[in-house]
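J.: If it helps, the file is called model-v6.txt and holds compact mmCIF, C-alpha atoms (C1' of nucleotides) and all ligand atoms:
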```txt
# COMPACT_ATOMS: atom_id res chain seq x y z
CA MET G 29 163.11 106.91 89.53
CA SER G 30 163.62 103.46 88.03
CA THR G 31 165.64 103.71 84.85
CA THR G 32 164.55 100.76 82.77
CA GLN G 33 167.20 99.76 80.29
CA SER G 34 166.21 97.62 77.35
CA GLU G 35 168.96 95.14 76.74
CA SER G 36 170.14 95.47 73.17
CA HIS G 37 172.51 93.34 71.15
CA VAL G 38 173.89 92.86 67.69
CA LEU G 39 172.80 89.25 67.36
CA SER G 40 169.68 87.71 68.86
CA LYS G 41 170.13 84.97 71.43
CA SER G 42 168.83 82.45 68.91
CA CYS G 43 171.55 83.51 66.53
CA GLN G 44 174.25 83.37 69.18
CA TYR G 45 173.15 79.86 70.14
CA ALA G 46 173.00 78.84 66.49
CA LEU G 47 176.55 79.98 65.82
CA ARG G 48 177.97 78.33 68.91
CA ALA G 49 176.09 75.12 68.15
CA VAL G 50 177.26 74.95 64.56
CA VAL G 51 180.85 75.56 65.54
CA TYR G 52 180.49 72.91 68.23
CA ILE G 53 179.22 70.40 65.71
CA ALA G 54 182.02 71.24 63.30
CA ALA G 55 184.57 70.78 66.04
CA ASN G 56 183.14 67.66 67.66
CA ALA G 57 181.06 65.55 65.30
CA THR G 58 182.70 62.56 63.66
CA PRO G 59 181.15 59.99 61.31
CA SER G 60 181.14 57.44 64.12
CA HIS G 61 179.85 59.83 66.77
CA LEU G 62 177.35 62.44 65.66
CA THR G 63 176.58 65.29 68.01
CA GLY G 64 173.27 65.00 69.86
CA ALA G 65 171.14 67.92 70.97
CA GLN G 66 171.41 66.78 74.57
CA GLU G 67 175.19 66.69 74.50
CA MET G 68 175.35 70.13 72.95
CA ALA G 69 172.86 71.60 75.37
CA ASP G 70 174.86 70.28 78.31
CA SER G 71 178.21 71.32 76.97
CA LEU G 72 177.23 74.76 75.74
CA GLU G 73 174.78 75.41 78.57
CA ILE G 74 171.91 76.19 76.27
CA PRO G 75 168.32 75.18 77.16
CA LYS G 76 167.87 71.89 75.34
CA HIS G 77 164.42 72.39 73.85
CA PHE G 78 165.29 75.83 72.67
CA LEU G 79 168.46 74.52 71.08
CA SER G 80 166.45 71.80 69.33
CA LYS G 81 164.19 74.40 67.78
CA ILE G 82 167.19 76.29 66.49
CA LEU G 83 168.83 73.17 65.10
CA GLN G 84 165.59 72.30 63.34
CA GLN G 85 165.61 75.68 61.69
CA LEU G 86 169.19 75.24 60.57
CA THR G 87 168.60 71.75 59.16
CA ARG G 88 165.46 72.87 57.35
CA ASN G 89 167.61 75.49 55.70
CA GLN G 90 170.32 72.92 55.00
CA LEU G 91 172.99 74.62 57.01
CA VAL G 92 173.50 71.51 59.12
CA SER G 93 172.69 67.85 58.47
CA SER G 94 171.05 65.33 60.77
CA THR G 95 169.84 61.76 61.10
CA LYS G 96 167.23 60.39 63.46
CA GLY G 97 167.21 57.35 65.65
CA PRO G 98 169.85 55.68 67.80
CA ASN G 99 173.34 57.02 67.15
CA GLY G 100 171.64 59.80 65.29
CA GLY G 101 172.43 63.45 65.72
CA PHE G 102 173.82 66.40 63.88
CA TYR G 103 176.82 66.71 61.64
CA LEU G 104 178.11 68.85 58.82
CA SER G 105 178.45 67.75 55.24
CA GLU G 106 181.46 69.02 53.36
CA GLU G 107 179.21 71.60 51.82
CA ASN G 108 177.89 72.60 55.23
CA GLU G 109 181.42 73.14 56.46
CA ARG G 110 182.00 75.67 53.74
CA THR G 111 178.95 77.69 54.79
CA THR G 112 179.87 81.23 55.70
CA ILE G 113 178.84 82.79 58.99
CA ASP G 114 176.73 85.48 57.38
CA ARG G 115 174.38 82.79 56.05
CA ILE G 116 173.64 81.59 59.56
CA VAL G 117 173.08 85.13 60.76
CA GLU G 118 170.78 85.73 57.83
CA ILE G 119 168.71 82.63 58.54
CA MET G 120 168.37 83.39 62.24
CA ASP G 121 168.08 87.16 62.32
CA GLY G 122 166.95 87.82 58.81
CA PRO G 123 168.57 89.80 56.06
CA GLY G 124 168.76 93.49 56.63
CA LEU G 125 170.61 93.27 59.92
CA PHE G 126 173.66 94.52 58.12
CA LYS G 127 171.63 96.81 55.89
CA ALA G 128 169.48 98.63 58.41
CA CYS G 129 170.07 102.13 59.72
CA VAL G 130 171.37 102.29 63.30
CA LEU G 131 168.74 104.89 64.09
CA GLY G 132 165.99 102.87 62.49
CA MET G 133 165.38 105.23 59.58
CA PRO G 134 163.62 103.64 56.61
CA GLU G 135 166.53 104.27 54.27
CA CYS G 136 170.24 103.80 54.83
CA SER G 137 172.58 105.16 52.24
CA ALA G 138 175.18 107.84 51.74
CA VAL G 139 172.55 109.74 49.76
CA HIS G 140 170.04 109.81 52.61
CA PRO G 141 172.22 109.40 55.68
CA CYS G 142 171.05 109.74 59.24
CA PRO G 143 173.21 111.77 61.62
CA LEU G 144 175.12 108.67 62.67
CA HIS G 145 175.41 107.02 59.27
CA PHE G 146 179.04 107.81 58.57
CA GLN G 147 180.15 106.91 62.07
CA ALA G 148 178.35 103.59 62.01
CA VAL G 149 178.40 102.31 58.48
CA ASP G 150 182.02 101.31 58.19
CA TYR G 151 181.78 99.38 61.44
CA ARG G 152 178.71 97.55 60.26
CA ASP G 153 180.05 96.84 56.78
CA GLY G 154 183.45 95.84 58.08
CA LEU G 155 182.02 93.13 60.28
CA TYR G 156 179.65 92.03 57.57
CA HIS G 157 182.37 91.54 55.00
CA LYS G 158 184.44 89.53 57.42
CA LEU G 159 181.52 87.24 58.22
CA LYS G 160 180.82 86.86 54.53
CA ARG G 161 184.25 85.35 54.00
CA LEU G 162 184.50 83.35 57.21
CA THR G 163 183.42 79.70 57.05
CA ILE G 164 182.22 77.35 59.77
CA GLN G 165 185.21 75.16 59.13
CA GLU G 166 187.61 78.01 59.71
CA LEU G 167 185.99 78.80 63.05
CA ALA G 168 186.09 75.15 64.04
CA ASP G 169 189.81 75.05 63.28
CA VAL G 170 190.36 77.93 65.66
CA VAL G 171 188.50 75.99 68.32
CA HIS G 172 190.63 72.91 67.70
CA LYS G 173 193.80 74.89 68.12
CA GLY G 174 192.44 75.74 71.57
CA HIS G 175 192.54 79.10 73.25
CA VAL G 176 188.94 80.02 72.51
CA GLN G 177 185.91 79.51 74.71
CA LEU G 178 182.66 78.15 73.40
CA MET I 17 158.34 75.07 57.50
CA SER I 18 157.96 78.58 58.89
CA THR I 19 161.35 80.13 59.58
CA THR I 20 160.82 82.59 62.40
CA GLN I 21 163.46 85.27 62.48
CA SER I 22 164.00 87.22 65.68
CA GLU I 23 164.57 90.81 64.80
CA SER I 24 167.91 91.94 66.19
CA HIS I 25 169.51 95.34 66.32
CA VAL I 26 172.46 97.22 67.68
CA LEU I 27 170.42 99.86 69.47
CA SER I 28 167.01 99.32 71.04
CA LYS I 29 164.12 101.29 69.63
CA SER I 30 164.00 103.36 72.81
CA CYS I 31 167.61 104.30 72.25
CA GLN I 32 167.06 105.13 68.60
CA TYR I 33 164.14 107.36 69.54
CA ALA I 34 166.17 108.97 72.31
CA LEU I 35 169.01 109.87 70.00
CA ARG I 36 166.76 111.28 67.32
CA ALA I 37 164.79 113.26 69.88
CA VAL I 38 167.85 114.74 71.51
CA VAL I 39 169.31 115.76 68.18
CA TYR I 40 165.94 117.24 67.24
CA ILE I 41 165.88 119.30 70.41
CA ALA I 42 169.44 120.46 69.85
CA ALA I 43 168.60 121.49 66.32
CA ASN I 44 165.21 123.10 66.98
CA ALA I 45 164.78 124.39 70.52
CA THR I 46 165.36 128.10 71.15
CA PRO I 47 164.99 130.02 74.44
CA SER I 48 161.76 131.54 73.15
CA HIS I 49 160.38 128.32 71.73
CA LEU I 50 161.10 125.13 73.63
CA THR I 51 160.42 121.84 71.93
CA GLY I 52 157.25 120.08 73.08
CA ALA I 53 156.78 116.32 73.17
CA GLN I 54 153.81 116.64 70.83
CA GLU I 55 155.78 118.56 68.23
CA MET I 56 158.62 116.08 68.36
CA ALA I 57 156.30 113.08 68.15
CA ASP I 58 154.63 114.55 65.07
CA SER I 59 157.82 115.58 63.36
CA LEU I 60 159.83 112.45 64.07
CA GLU I 61 156.86 110.11 63.75
CA ILE I 62 157.38 108.55 67.14
CA PRO I 63 154.41 107.46 69.31
CA LYS I 64 153.88 110.42 71.62
CA HIS I 65 153.41 108.69 74.95
CA PHE I 66 156.33 106.41 74.32
CA LEU I 67 158.48 109.40 73.46
CA SER I 68 157.38 111.10 76.67
CA LYS I 69 158.57 108.13 78.68
CA ILE I 70 161.93 108.28 77.00
CA LEU I 71 162.28 112.02 77.51
CA GLN I 72 161.40 111.58 81.17
CA GLN I 73 164.19 109.09 81.49
CA LEU I 74 166.63 111.46 79.83
CA THR I 75 165.66 114.42 81.98
CA ARG I 76 165.83 112.34 85.14
CA ASN I 77 169.38 111.54 84.13
CA GLN I 78 170.06 115.18 83.30
CA LEU I 79 170.82 114.61 79.67
CA VAL I 80 168.09 117.02 78.61
CA SER I 81 166.38 119.87 80.46
CA SER I 82 162.69 120.69 80.67
CA THR I 83 160.10 123.05 82.14
CA LYS I 84 156.42 122.40 82.70
CA GLY I 85 153.40 124.51 81.96
CA PRO I 86 152.45 126.76 79.02
CA ASN I 87 155.36 127.45 76.71
CA GLY I 88 157.12 124.68 78.52
CA GLY I 89 158.98 121.87 76.84
CA PHE I 90 162.44 120.44 76.38
CA TYR I 91 165.73 122.16 75.71
CA LEU I 92 169.43 121.57 76.18
CA SER I 93 171.61 123.44 78.59
CA GLU I 94 175.12 124.26 77.44
CA GLU I 95 176.28 121.33 79.45
CA ASN I 96 173.66 119.11 77.88
CA GLU I 97 174.88 120.07 74.44
CA ARG I 98 178.32 118.82 75.26
CA THR I 99 176.96 115.39 76.26
CA THR I 100 178.50 112.65 74.18
CA ILE I 101 176.42 110.09 72.32
CA ASP I 102 177.74 107.17 74.27
CA ARG I 103 176.17 108.58 77.44
CA ILE I 104 172.73 108.47 75.88
CA VAL I 105 173.27 104.94 74.66
CA GLU I 106 174.46 103.96 78.10
CA ILE I 107 171.39 105.42 79.80
CA MET I 108 168.96 103.80 77.39
CA ASP I 109 170.56 100.45 76.66
CA GLY I 110 172.77 100.09 79.66
CA PRO I 111 176.52 99.86 79.90
CA GLY I 112 178.01 96.68 78.54
CA LEU I 113 176.55 97.05 75.07
CA PHE I 114 180.03 97.88 73.87
CA LYS I 115 181.64 95.48 76.29
CA ALA I 116 179.59 92.36 75.72
CA CYS I 117 180.64 89.36 73.66
CA VAL I 118 178.89 89.03 70.30
CA LEU I 119 178.20 85.40 71.04
CA GLY I 120 176.91 86.16 74.52
CA MET I 121 179.78 84.55 76.40
CA PRO I 122 180.18 85.73 79.99
CA GLU I 123 183.65 87.12 79.37
CA CYS I 124 184.96 89.15 76.47
CA SER I 125 188.67 89.67 76.25
CA ALA I 126 191.68 88.73 74.20
CA VAL I 127 192.60 86.32 76.99
CA HIS I 128 189.29 84.44 76.82
CA PRO I 129 188.11 85.11 73.30
CA CYS I 130 185.13 83.48 71.65
CA PRO I 131 185.58 82.26 68.06
CA LEU I 132 184.35 85.59 66.69
CA HIS I 133 186.12 87.88 69.13
CA PHE I 134 188.91 89.06 66.87
CA GLN I 135 186.60 89.58 63.92
CA ALA I 136 184.16 91.67 65.92
CA VAL I 137 186.06 93.51 68.58
CA ASP I 138 187.92 96.09 66.58
CA TYR I 139 184.78 97.23 64.82
CA ARG I 140 182.82 97.33 68.01
CA ASP I 141 185.49 99.33 69.76
CA GLY I 142 185.89 101.55 66.75
CA LEU I 143 182.27 102.62 66.86
CA TYR I 144 182.39 103.00 70.60
CA HIS I 145 185.32 105.35 70.54
CA LYS I 146 183.68 107.45 67.88
CA LEU I 147 180.51 107.80 69.94
CA LYS I 148 182.56 108.60 73.00
CA ARG I 149 183.98 111.67 71.31
CA LEU I 150 180.88 112.77 69.43
CA THR I 151 178.66 115.37 71.12
CA ILE I 152 174.97 116.16 70.68
CA GLN I 153 175.91 119.63 69.49
CA GLU I 154 178.12 118.24 66.76
CA LEU I 155 175.30 116.05 65.49
CA ALA I 156 172.89 118.97 65.57
CA ASP I 157 175.32 121.01 63.49
CA VAL I 158 175.31 118.30 60.85
CA VAL I 159 171.53 118.47 60.80
CA HIS I 160 171.59 122.25 60.43
CA LYS I 161 173.89 122.02 57.47
CA GLY I 162 171.17 119.87 55.93
CA HIS I 163 171.71 116.68 53.95
CA VAL I 164 170.77 114.34 56.77
CA GLN I 165 167.41 112.80 57.54
CA LEU I 166 165.96 112.71 61.02
C1' DT Z 17 142.35 132.95 92.01
C1' DG Z 18 141.42 129.74 88.41
C1' DA Z 19 141.53 127.98 83.76
C1' DA Z 20 144.70 126.25 80.47
C1' DT Z 21 148.96 124.05 79.33
C1' DA Z 22 152.65 120.72 79.33
C1' DA Z 23 155.79 117.60 81.62
C1' DA Z 24 156.02 113.76 85.29
C1' DA Z 25 154.37 109.66 86.84
C1' DG Z 26 152.05 105.34 87.27
C1' DA Z 27 149.03 101.64 85.64
C1' DC Z 28 148.05 98.90 82.04
C1' DC Z 29 148.10 96.23 77.51
C1' DC Z 30 150.05 94.14 73.16
C1' DT Z 31 153.63 91.95 70.63
C1' DT Z 32 157.81 89.44 70.21
C1' DA Z 33 161.67 86.73 71.91
C1' DT Z 34 162.79 83.22 74.80
C1' DA Z 35 161.83 78.86 76.83
C1' DT Z 36 159.27 74.47 77.91
C1' DC Z 37 156.42 70.49 77.05
C1' DC Z 38 154.26 66.87 74.49
C1' DT Z 39 153.43 64.13 70.40
C1' DT Z 40 154.99 62.22 66.01
C1' DT Z 41 158.29 60.34 62.74
C1' DA Z 42 162.37 58.01 61.40
C1' DT Z 43 166.08 54.79 62.53
C1' DT Z 44 168.66 51.16 64.91
C1' DC Z 45 169.26 46.78 66.69
C1' DA Z 46 168.17 42.86 69.65
C1' DT H 22 158.71 42.57 64.80
C1' DG H 23 159.11 45.64 68.56
C1' DA H 24 161.51 48.26 72.03
C1' DA H 25 164.58 52.02 72.38
C1' DT H 26 166.52 56.22 70.65
C1' DA H 27 166.80 60.80 68.76
C1' DA H 28 165.27 64.42 65.69
C1' DA H 29 160.95 66.92 63.85
C1' DG H 30 157.09 69.31 64.84
C1' DG H 31 153.35 71.61 67.20
C1' DA H 32 151.28 73.84 71.08
C1' DT H 33 151.87 76.48 74.99
C1' DA H 34 154.02 79.31 78.76
C1' DT H 35 157.02 83.22 80.50
C1' DA H 36 159.62 87.52 80.16
C1' DA H 37 160.89 91.70 78.08
C1' DG H 38 160.32 95.39 74.95
C1' DG H 39 157.28 98.45 72.95
C1' DG H 40 153.15 101.24 73.21
C1' DT H 41 148.76 103.47 75.28
C1' DC H 42 145.96 105.74 78.69
C1' DT H 43 144.86 108.35 82.85
C1' DT H 44 146.10 111.08 86.80
C1' DT H 45 149.14 114.30 89.10
C1' DT H 46 152.24 118.22 89.43
C1' DA H 47 154.16 122.48 88.06
C1' DT H 48 153.71 126.76 85.47
C1' DT H 49 151.65 130.61 82.95
C1' DC H 50 148.60 134.22 82.39
C1' DA H 51 144.01 136.27 82.04
S1 LIG J 1 171.20 106.05 57.44
FE1 LIG J 1 171.44 105.61 59.51
S2 LIG J 1 173.09 104.25 59.43
FE2 LIG J 1 172.84 104.69 57.34
S1 LIG J 2 184.73 87.13 73.56
FE1 LIG J 2 183.19 87.15 72.08
S2 LIG J 2 183.44 89.10 71.26
FE2 LIG J 2 185.00 89.08 72.72
```
Output the structure of this file as structure tokens.

T.:
Amino acid sequence: MSTTQSESHVLSKSCQYALRAVVYIAANATPSHLTGAQEMADSLEIPKHFLSKILQQLTRNQLVSSTKGPNGGFYLSEENERTTIDRIVEIMDGPGLFKACVLGMPECSAVHPCPLHFQAVDYRDGLYHKLKRLTIQELADVVHKGHVQL
Amino acid sequence: MSTTQSESHVLSKSCQYALRAVVYIAANATPSHLTGAQEMADSLEIPKHFLSKILQQLTRNQLVSSTKGPNGGFYLSEENERTTIDRIVEIMDGPGLFKACVLGMPECSAVHPCPLHFQAVDYRDGLYHKLKRLTIQELADVVHKGHVQL
DNA sequence: TGAATAAAAGACCCTTATATCCTTTATTCA
DNA sequence: TGAATAAAGGATATAAGGGTCTTTTATTCA
């Protein structure tokens, strides 16, 4: 009589880690002290090698910047700081997360709605539009002001 | 330079299938013709054996009713019809889906918010409260009136 | 009673997400 | 130059979700 529950989530773990890491970099990296993967892994309690993979993906897609070697690490260019959260989500979890039907139907629109479309769509779109306007820098500011956990 | 994207989702596939199946039963089962797993699998285009597993889980938890043998199948008792959607989601995906932090932090509250808490929480709660009040029967009615895909 | 039917149950496999390890490349500085 | 450092990259391992198959149990009805 074992009731197996598949753990579901809005954002994949990779995406959650990515967001926390980027905010961490924004809040902690300075020109004289870049943020290393090790430091981040320790501080955020994310498996180091997994974090590295994620950071690689983000740098490849130019959402964060990095330099190798001693005193190397990750940082954000001015342009990176203006990146909006939805871009990170899109890179990590793909586009379509905020487009897809909650019931997994092939189409999602008011013309071909599923039974839950009208209950779900405003929630989904609401969050999406907020993330579209929210920048890394803005999140980092919130962290600086304290009162949020990372 | 391959950018692997982990597919994420609000509801697990099992849960999506469960919801569609239950609504299908509500909309199609009659006392003289119960809904069989085969019929549902064909109509909803869900792998039959996988669907069976899911239906087993739902019947074990008394969210749907069933009888074996010829002319057997699934149906909803009056009580079943008054089940709210959130119960199904809870059985399939576990509680905590609507409680958990979007960034995966151990706590989620206004007292210990993550950087995205205030952007995400009202939408999350909004959907949750809708599903808490919405019954299977109400969804089935929408289907009967047409204009929704299943 | 027994053949047919359909759900219940359990064992098993495949794919994907998550996580770890090892090697290579770039950079610093003594 | 060369030793040390840290990211980049590739290969591999583990866990969970998704999916299939076979056997068992309950029910109907000829
Ligand atoms: S059709 Fe299902 S959410 Fe839009
Ligand atoms: S603490 Fe992250 S969503 Fe509430």

J.: Return as a list in words the residues of protein, DNA or RNA that approach ligand LIG 1 (chain J) to within 9 Å, with only C-alpha atoms (C1' of nucleotides) and all ligand atoms taken into account.

T.: Lys127, Ala128, Cys129, Val130, Leu131, Gly132, Met133, Pro134, Glu135, Cys136, Ser137, Ala138, Val139, His140, Pro141, Cys142, Pro143, Leu144, His145, Phe146, Gln147, Ala148, Val149 and Arg152 of chain G; Val164 and Gln165 of chain I

J.: Between I:Glu61, I:Asp157, I:Asp138, I:Glu97, which one has atoms that come closest to ligand LIG 2 (chain J), using only C-alpha atoms and all ligand atoms?

T.: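 Smallest separation from ligand LIG 2 (chain J) among the options: I:Asp138.
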
J.: Taking all atoms listed in the file into account, which residues of chain I are within 9 Å of chain H, as a list in words?

T.: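 Residues passing the distance filter: Ser28, Lys29, Ser30, Pro63, His65, Phe66, Thr83, Lys84, Gly85, Pro86, Asn87 and Gly88 of chain I.
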
J.: For chain I, which residue out of G:Ser80, G:Asn108, G:Leu72, G:Pro59 is the nearest one, using all atoms listed in the file?

T.: G:Leu72

J.: Given a cut-off of 7 Å, which residues of chain Z touch chain G, counting all atoms listed in the file, written out as a list in words?

T.: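 Taking all atoms listed in the file into account, DA35, DT36, DA42, DT43 and DT44 of chain Z sit within 7 Å of chain G.
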
J.: For atom CA of I:Lys148 and atom CA of I:Arg98, determine how far apart the two atoms are, in Å to one decimal place.

T.: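 Separating atom CA of I:Lys148 from atom CA of I:Arg98 is a distance of 11.3 Å.
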
J.: Calculate how many Å separate atom CA of G:Ala57 from atom CA of G:Leu86, rounding to one decimal.

T.: 16.0 Å

J.: Quick one: of I:Leu113, I:Leu166, I:Thr100, I:Lys161, who's nearest to I:Leu147, counting all atoms listed in the file?

T.: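 The shortest atom-to-atom distance to I:Leu147 comes from I:Thr100.
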
J.: Rounded to one decimal place, report the atom CA of I:Glu23-atom CA of G:Phe126 distance in Å.

T.: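 Atom CA of G:Phe126 lies at a distance of 11.9 Å from atom CA of I:Glu23.
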
J.: Work out where the centre of an axis-aligned box around every listed atom of ligand LIG 2 (chain J) lies and how long its edges are once 5 Å is added on each side; give both in Å to one decimal as JSON.

T.:
```
{"center_x": 184.1, "center_y": 88.1, "center_z": 72.4, "size_x": 11.8, "size_y": 12.0, "size_z": 12.3}
```

J.: Taking all atoms listed in the file into account, name the residue in G:His157, G:Arg115, G:His37, G:Lys81 that is nearest to chain I.

T.: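 Closest to chain I, using all atoms listed in the file: G:His37.
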
J.: For chain G, which residue out of I:Gln54, I:Thr46, I:Gln153, I:Ser93 is the nearest one, using all atoms listed in the file?

T.: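 The shortest atom-to-atom distance to chain G comes from I:Gln153.
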
J.: Do a neighbour search on I:Gly110 at 9 Å with all atoms listed in the file, toss out local chain neighbours closer than 5 positions, and write the hits as a list in words.

T.: Thr32, Gln33, Ser34, Glu35 and Ser36 of chain G; Val105 of chain I
